[in-house]
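*Asks:* What follows is the file coords.txt, containing compact mmCIF, C-alpha atoms and all ligand atoms:
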# COMPACT_ATOMS: atom_id res chain seq x y z
CA MET A 1 77.82 125.92 48.50
CA ALA A 2 78.49 129.36 50.00
CA SER A 3 81.91 129.56 51.58
CA PHE A 4 82.02 130.40 55.32
CA LYS A 5 83.85 133.59 56.21
CA HIS A 6 84.72 134.91 59.65
CA SER A 7 82.80 138.14 60.14
CA ILE A 8 85.51 139.37 62.55
CA SER A 9 89.15 139.36 61.60
CA LEU A 10 91.27 138.11 64.47
CA SER A 11 94.54 138.91 62.83
CA SER A 12 94.37 142.56 61.85
CA SER A 13 94.83 144.24 65.23
CA THR A 14 96.49 141.42 67.18
CA ASP A 15 100.13 141.05 68.13
CA ARG A 16 102.11 137.82 67.81
CA ASP A 17 100.69 136.46 71.07
CA GLY A 18 97.18 136.97 69.72
CA LEU A 19 96.46 139.88 72.05
CA ILE A 20 94.48 142.89 70.89
CA GLY A 21 96.00 146.25 71.72
CA ARG A 22 98.05 146.38 74.94
CA ALA A 23 96.51 143.68 77.13
CA SER A 24 99.60 143.09 79.27
CA GLY A 25 98.15 144.93 82.26
CA GLU A 26 97.57 143.37 85.67
CA VAL A 27 95.11 143.82 88.53
CA HIS A 28 96.14 143.03 92.11
CA VAL A 29 93.62 143.36 94.93
CA ILE A 30 94.45 143.78 98.63
CA VAL A 31 91.50 143.51 101.04
CA GLY A 32 90.92 143.05 104.76
CA PRO A 33 89.53 144.88 107.79
CA MET A 34 90.75 148.25 109.00
CA PHE A 35 94.28 148.26 110.56
CA ALA A 36 95.27 145.10 108.63
CA GLY A 37 98.07 146.86 106.74
CA LYS A 38 96.35 147.35 103.35
CA THR A 39 97.74 150.86 102.81
CA THR A 40 101.15 149.69 104.08
CA ALA A 41 101.15 146.83 101.54
CA LEU A 42 100.02 149.13 98.73
CA LEU A 43 102.72 151.66 99.59
CA ARG A 44 105.41 148.95 99.73
CA ARG A 45 104.40 147.65 96.29
CA ILE A 46 104.26 151.12 94.71
CA LYS A 47 107.63 152.14 96.21
CA SER A 48 109.27 148.95 94.98
CA GLU A 49 107.82 149.41 91.46
CA GLY A 50 109.12 153.01 91.52
CA ASN A 51 112.57 151.83 92.65
CA ASN A 52 112.57 149.43 89.69
CA GLY A 53 112.23 152.39 87.33
CA ARG A 54 108.52 152.15 86.63
CA ASN A 55 106.31 155.23 86.50
CA VAL A 56 103.86 155.12 89.41
CA ALA A 57 100.90 157.11 90.71
CA ILE A 58 98.52 156.59 93.63
CA ILE A 59 94.88 157.65 93.77
CA LYS A 60 92.77 157.75 96.92
CA SER A 61 89.17 158.74 97.48
CA SER A 62 88.77 162.43 98.32
CA LYS A 63 86.21 161.28 100.91
CA ASP A 64 89.16 160.19 103.09
CA THR A 65 90.28 163.38 104.80
CA ARG A 66 91.53 161.69 107.99
CA TYR A 67 95.29 162.32 108.08
CA ALA A 68 96.09 164.40 104.97
CA ILE A 69 94.40 165.64 101.79
CA ASN A 70 96.95 164.89 99.06
CA SER A 71 98.79 161.96 100.64
CA ILE A 72 97.94 158.42 101.59
CA VAL A 73 98.87 157.87 105.22
CA THR A 74 98.98 154.56 107.08
CA HIS A 75 97.65 154.25 110.64
CA ASP A 76 101.24 154.24 111.86
CA GLY A 77 102.16 157.43 109.99
CA ALA A 78 103.92 156.37 106.74
CA LYS A 79 103.08 158.86 103.98
CA PHE A 80 103.16 159.10 100.17
CA PRO A 81 101.84 161.82 97.82
CA CYS A 82 98.67 160.88 95.95
CA TRP A 83 95.79 162.16 93.84
CA ALA A 84 92.68 162.62 95.99
CA LEU A 85 89.71 162.28 93.64
CA PRO A 86 85.93 161.91 93.93
CA ASP A 87 85.91 159.32 91.12
CA LEU A 88 88.42 157.37 89.04
CA SER A 89 87.13 158.48 85.65
CA SER A 90 88.50 161.99 86.25
CA PHE A 91 92.05 160.69 86.81
CA ARG A 92 93.32 160.57 83.21
CA LYS A 93 92.17 164.12 82.45
CA LYS A 94 93.62 165.52 85.68
CA TYR A 95 96.91 163.60 85.30
CA GLY A 96 97.22 164.55 81.63
CA ASP A 97 97.01 162.29 78.55
CA GLU A 98 100.74 162.34 77.84
CA ALA A 99 101.73 161.58 81.45
CA TYR A 100 99.04 158.84 81.62
CA GLU A 101 100.50 157.15 78.52
CA LYS A 102 103.87 156.90 80.30
CA LEU A 103 102.39 155.56 83.53
CA ASP A 104 103.14 151.89 84.33
CA VAL A 105 101.59 151.31 87.75
CA ILE A 106 98.47 152.85 89.34
CA GLY A 107 97.72 152.33 93.04
CA ILE A 108 94.20 152.86 94.35
CA ASP A 109 93.56 153.25 98.09
CA GLU A 110 90.17 153.33 99.88
CA ALA A 111 88.75 151.54 96.82
CA GLN A 112 85.40 150.90 98.55
CA PHE A 113 84.52 154.56 97.98
CA PHE A 114 84.89 154.48 94.16
CA GLU A 115 81.70 153.60 92.29
CA ASP A 116 83.50 153.39 88.93
CA LEU A 117 86.18 150.95 90.20
CA TYR A 118 85.24 148.09 87.85
CA ASP A 119 85.21 150.18 84.67
CA PHE A 120 88.46 151.92 85.61
CA CYS A 121 90.32 148.65 86.31
CA CYS A 122 89.03 147.08 83.07
CA LYS A 123 90.12 150.03 80.97
CA ALA A 124 93.46 150.59 82.71
CA ALA A 125 94.57 146.92 82.71
CA ASP A 126 92.86 145.45 79.62
CA HIS A 127 93.15 148.37 77.22
CA ASP A 128 95.90 150.64 78.52
CA GLY A 129 98.30 147.92 79.75
CA LYS A 130 98.67 149.33 83.28
CA THR A 131 99.38 147.39 86.44
CA VAL A 132 96.65 148.37 88.89
CA VAL A 133 97.11 147.67 92.61
CA VAL A 134 93.87 148.12 94.54
CA ALA A 135 93.55 148.33 98.35
CA GLY A 136 90.20 148.53 100.11
CA LEU A 137 87.72 147.11 102.58
CA ASP A 138 85.96 143.96 101.37
CA GLY A 139 83.25 144.42 104.00
CA ASP A 140 81.66 147.25 105.99
CA TYR A 141 81.14 147.27 109.78
CA LEU A 142 78.20 144.85 109.34
CA ARG A 143 80.31 142.56 107.10
CA ARG A 144 78.25 143.45 104.04
CA SER A 145 80.04 143.74 100.70
CA PHE A 146 81.43 147.29 100.56
CA GLY A 147 81.21 149.37 97.35
CA SER A 148 82.56 147.65 94.22
CA VAL A 149 85.63 146.01 95.77
CA LEU A 150 84.29 142.45 95.45
CA ASP A 151 83.09 143.14 91.89
CA ILE A 152 86.68 143.42 90.67
CA ILE A 153 87.76 139.98 91.97
CA PRO A 154 86.93 138.39 88.59
CA LEU A 155 89.29 140.91 86.95
CA ALA A 156 92.16 140.21 89.33
CA ASP A 157 95.48 138.43 88.77
CA THR A 158 95.95 138.14 92.55
CA VAL A 159 93.76 138.69 95.62
CA THR A 160 95.30 139.06 99.10
CA LYS A 161 93.19 139.17 102.28
CA LEU A 162 95.18 140.67 105.14
CA THR A 163 94.26 140.37 108.81
CA ALA A 164 94.74 142.62 111.84
CA ARG A 165 94.87 141.67 115.56
CA CYS A 166 91.60 141.53 117.48
CA GLU A 167 91.68 144.48 119.85
CA LEU A 168 89.76 142.45 122.46
CA CYS A 169 91.64 139.13 122.53
CA GLY A 170 94.68 139.41 120.25
CA LYS A 171 93.53 136.66 117.84
CA ARG A 172 93.57 137.26 114.08
CA ALA A 173 91.00 139.92 113.16
CA PHE A 174 89.06 139.54 109.91
CA PHE A 175 86.37 142.14 110.57
CA THR A 176 85.84 145.76 111.61
CA LEU A 177 83.57 146.73 114.51
CA ARG A 178 82.05 150.21 114.68
CA LYS A 179 82.10 151.60 118.22
CA THR A 180 79.52 154.38 117.74
CA GLU A 181 75.73 154.39 117.33
CA GLU A 182 75.95 155.76 113.74
CA THR A 183 74.34 153.36 111.22
CA LYS A 184 75.08 154.93 107.82
CA THR A 185 77.42 152.75 105.73
CA GLU A 186 80.03 155.41 104.96
CA LEU A 187 81.53 157.00 108.05
CA ILE A 188 85.12 158.25 107.82
CA GLY A 189 87.14 157.51 110.95
CA GLY A 190 90.05 155.75 112.57
CA ALA A 191 90.64 154.11 115.94
CA ASP A 192 88.18 156.60 117.51
CA VAL A 193 85.29 154.93 115.63
CA TYR A 194 86.47 151.45 114.61
CA MET A 195 88.41 148.49 115.89
CA PRO A 196 89.60 145.25 114.28
CA VAL A 197 88.00 142.14 115.78
CA CYS A 198 87.90 138.33 115.45
CA ARG A 199 84.69 136.50 114.52
CA GLN A 200 83.60 135.91 118.12
CA HIS A 201 84.11 139.52 119.16
CA HIS A 202 82.39 140.82 116.05
CA VAL A 203 79.29 138.77 116.84
CA ASN A 204 79.34 139.71 120.56
CA GLY A 205 80.26 143.34 119.82
CA GLN A 206 77.43 143.69 117.32
CA VAL A 207 74.89 142.45 119.91
CA VAL A 208 76.15 145.03 122.42
CA MET A 209 76.19 147.83 119.83
CA GLU A 210 72.69 146.94 118.55
CA ALA A 211 71.37 147.08 122.15
CA ALA A 212 73.07 150.44 122.71
CA ARG A 213 71.69 151.79 119.42
CA SER A 214 68.12 150.74 120.27
CA VAL A 215 68.36 152.27 123.79
CA LEU A 216 69.59 155.54 122.22
CA GLU A 217 66.83 155.38 119.60
CA SER A 218 64.09 154.90 122.22
CA HIS A 219 65.55 157.79 124.30
CA LYS A 220 65.47 159.93 121.16
CA LEU A 221 61.82 158.93 120.44
CA LYS A 222 60.86 159.76 124.05
CA SER A 223 62.58 163.15 124.00
CA ASP A 224 61.08 163.93 120.55
CA SER A 225 57.55 163.15 121.81
CA PHE A 226 58.25 165.15 124.99
CA LEU A 227 59.34 168.14 122.86
CA GLU A 228 56.25 167.73 120.62
CA ALA A 229 53.95 167.68 123.67
CA ALA A 230 55.75 170.69 125.14
CA ALA A 231 55.74 172.66 121.86
CA PRO A 232 52.31 174.37 122.28
CA VAL A 233 53.30 175.59 125.76
CA VAL A 234 56.54 177.18 124.46
N1 LIG A 301 93.89 149.48 116.65
C1 LIG A 301 94.85 150.19 116.03
N2 LIG A 301 94.91 151.52 116.17
C2 LIG A 301 95.86 152.25 115.52
N3 LIG A 301 96.79 151.70 114.72
C3 LIG A 301 96.80 150.39 114.58
C4 LIG A 301 95.82 149.56 115.23
N4 LIG A 301 96.06 148.30 114.88
C5 LIG A 301 97.15 148.33 114.06
N5 LIG A 301 97.59 149.57 113.90
C6 LIG A 301 98.74 150.02 113.09
O1 LIG A 301 98.29 150.25 111.77
C7 LIG A 301 99.19 149.66 110.85
C8 LIG A 301 98.46 149.33 109.57
O2 LIG A 301 98.04 150.55 109.00
P1 LIG A 301 97.44 150.63 107.54
O3 LIG A 301 98.41 150.06 106.56
O4 LIG A 301 97.02 152.05 107.36
O5 LIG A 301 96.17 149.64 107.65
P2 LIG A 301 94.84 149.61 106.76
O6 LIG A 301 95.09 150.37 105.49
O7 LIG A 301 94.57 148.15 106.52
O8 LIG A 301 93.76 150.23 107.61
C9 LIG A 301 99.68 148.45 111.60
O9 LIG A 301 100.93 148.03 111.11
C10 LIG A 301 99.78 148.95 113.02
O10 LIG A 301 101.04 149.57 113.25
C1 LIG A 302 84.22 149.54 108.38
C2 LIG A 302 83.87 150.83 107.72
C3 LIG A 302 84.86 151.76 107.44
N1 LIG A 302 84.53 152.93 106.85
C4 LIG A 302 85.59 153.93 106.59
C5 LIG A 302 86.45 154.26 107.77
C6 LIG A 302 87.75 154.68 107.15
O1 LIG A 302 87.64 156.07 106.85
C7 LIG A 302 87.81 153.86 105.87
C8 LIG A 302 88.69 152.64 105.97
O2 LIG A 302 90.03 153.00 106.13
P1 LIG A 302 91.26 151.97 106.28
O3 LIG A 302 92.33 152.57 105.41
O4 LIG A 302 90.82 150.62 105.79
O5 LIG A 302 91.65 151.96 107.71
O6 LIG A 302 86.48 153.43 105.61
C9 LIG A 302 83.22 153.22 106.49
O7 LIG A 302 82.93 154.29 105.91
N2 LIG A 302 82.25 152.30 106.77
C10 LIG A 302 82.51 151.11 107.37
O8 LIG A 302 81.56 150.32 107.59
What's the structure tokens form of this structure?
*Replies:*
Amino acid sequence: MASFKHSISLSSSTDRDGLIGRASGEVHVIVGPMFAGKTTALLRRIKSEGNNGRNVAIIKSSKDTRYAINSIVTHDGAKFPCWALPDLSSFRKKYGDEAYEKLDVIGIDEAQFFEDLYDFCCKAADHDGKTVVVAGLDGDYLRRSFGSVLDIIPLADTVTKLTARCELCGKRAFFTLRKTEETKTELIGGADVYMPVCRQHHVNGQVVMEAARSVLESHKLKSDSFLEAAAPVV
């Protein structure tokens, strides 16, 4: 009888815990609405890792130009230097291979704007042994899943959902309400455009905003058809 042989050797590249390569990385995810303190929590974690002698770096999306270009800034003004990048895959090259090797902890802010979030977290934690701390919006202003943030939950060691205070009643706020008529998903802004709200005020606020948007839309249609009708005269 032919003897059975494993086609894949499990011992050759494993360490004594049975792990291949450097799989001691971690992924920690911080989500919640705007103004919940996600950037504050990320900053606190990164500073404490740095104070414990670990090499740290923070990346944010270059789409976020609100308060500063090369710093992450909380809504109450705390600041920390960071790499502002259009995607995460460019980080290693920009940071330098040698410096990347020495890096222990990578913070990612505004994670909802990075399309390659899943692949980056997998590679950094599973293969490169990094601790990755990710902060971002779980939902957009319509409470739809935002970017790839929810896709990395299965990769995570811990997931923390923070809450803000509802700007209308002071209860815990789980959601973000957009105060303008703009409907595109990505719209950079702060308290001028968004406010944190509880469930009741998100539902009520959405009804009011939808009504305002449709009034504006019908005004626009009327003025467009007026301009079209007037065009031959002009
Ligand atoms: N409606 C608001 N407008 C401006 N700042 C706010 C508002 N609500 C809370 N803040 C401040 O923002 C801080 C949180 O900022 P930050 O960590 O940048 O939040 P996030 O990253 O979740 O948007 C709070 O501790 C509070 O001081
Ligand atoms: C809800 C919502 C938010 N955004 C933008 C607005 C801000 O620029 C960031 C979130 O910043 P924060 O650090 O969490 O305060 O995201 C968006 O583009 N679309 C949305 O629906």
*Asks:* Using all atoms listed in the file, which residues of the polymer chains come no farther than 9 Å from ligand LIG 301 (chain A)? I'd like the answer as an mmCIF file with C-alpha atoms, in the frame of the given file.
*Replies:*
data_model
loop_
_atom_site.group_PDB
_atom_site.id
_atom_site.type_symbol
_atom_site.label_atom_id
_atom_site.label_comp_id
_atom_site.auth_asym_id
_atom_site.auth_seq_id
_atom_site.Cartn_x
_atom_site.Cartn_y
_atom_site.Cartn_z
ATOM 1 C CA VAL A 31 91.500 143.510 101.040
ATOM 2 C CA GLY A 32 90.920 143.050 104.760
ATOM 3 C CA PRO A 33 89.530 144.880 107.790
ATOM 4 C CA MET A 34 90.750 148.250 109.000
ATOM 5 C CA PHE A 35 94.280 148.260 110.560
ATOM 6 C CA ALA A 36 95.270 145.100 108.630
ATOM 7 C CA GLY A 37 98.070 146.860 106.740
ATOM 8 C CA LYS A 38 96.350 147.350 103.350
ATOM 9 C CA THR A 39 97.740 150.860 102.810
ATOM 10 C CA THR A 40 101.150 149.690 104.080
ATOM 11 C CA ALA A 41 101.150 146.830 101.540
ATOM 12 C CA LEU A 42 100.020 149.130 98.730
ATOM 13 C CA LEU A 43 102.720 151.660 99.590
ATOM 14 C CA ILE A 72 97.940 158.420 101.590
ATOM 15 C CA VAL A 73 98.870 157.870 105.220
ATOM 16 C CA THR A 74 98.980 154.560 107.080
ATOM 17 C CA HIS A 75 97.650 154.250 110.640
ATOM 18 C CA ASP A 76 101.240 154.240 111.860
ATOM 19 C CA GLY A 77 102.160 157.430 109.990
ATOM 20 C CA ALA A 78 103.920 156.370 106.740
ATOM 21 C CA ASP A 109 93.560 153.250 98.090
ATOM 22 C CA GLU A 110 90.170 153.330 99.880
ATOM 23 C CA ALA A 135 93.550 148.330 98.350
ATOM 24 C CA GLY A 136 90.200 148.530 100.110
ATOM 25 C CA LEU A 137 87.720 147.110 102.580
ATOM 26 C CA LEU A 162 95.180 140.670 105.140
ATOM 27 C CA THR A 163 94.260 140.370 108.810
ATOM 28 C CA ALA A 164 94.740 142.620 111.840
ATOM 29 C CA ARG A 165 94.870 141.670 115.560
ATOM 30 C CA CYS A 166 91.600 141.530 117.480
ATOM 31 C CA GLU A 167 91.680 144.480 119.850
ATOM 32 C CA GLY A 190 90.050 155.750 112.570
ATOM 33 C CA ALA A 191 90.640 154.110 115.940
ATOM 34 C CA ASP A 192 88.180 156.600 117.510
ATOM 35 C CA TYR A 194 86.470 151.450 114.610
ATOM 36 C CA MET A 195 88.410 148.490 115.890
ATOM 37 C CA PRO A 196 89.600 145.250 114.280
#
*Asks:* Quick one: everything within 8 Å of Leu103 in chain A, counting all atoms listed in the file, minus sequence neighbours fewer than 6 positions away in the same chain. Send it as a VMD selection string.
*Replies:* chain A and resid 54 to 57 130
*Asks:* Pick from A:Val159, A:Cys122, A:Ile106, A:Leu142: nearest to ligand LIG 302 (chain A), with only C-alpha atoms and all ligand atoms counted?
*Replies:*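 Selected residue with least distance to ligand LIG 302 (chain A): A:Leu142.
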*Asks:* What does the distance between CA of Arg44 in chain A and CA of Gly147 in chain A come to in Å, to one decimal place?
*Replies:*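 One can read the CA of Arg44 in chain A to CA of Gly147 in chain A distance as 24.3 Å.
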*Asks:* Counting all atoms listed in the file, which residue out of A:Gly129, A:Pro154, A:Pro81, A:Pro86 sits closest to Lys102 in chain A?
*Replies:*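 Of all the options, A:Gly129 lies closest to Lys102 in chain A.
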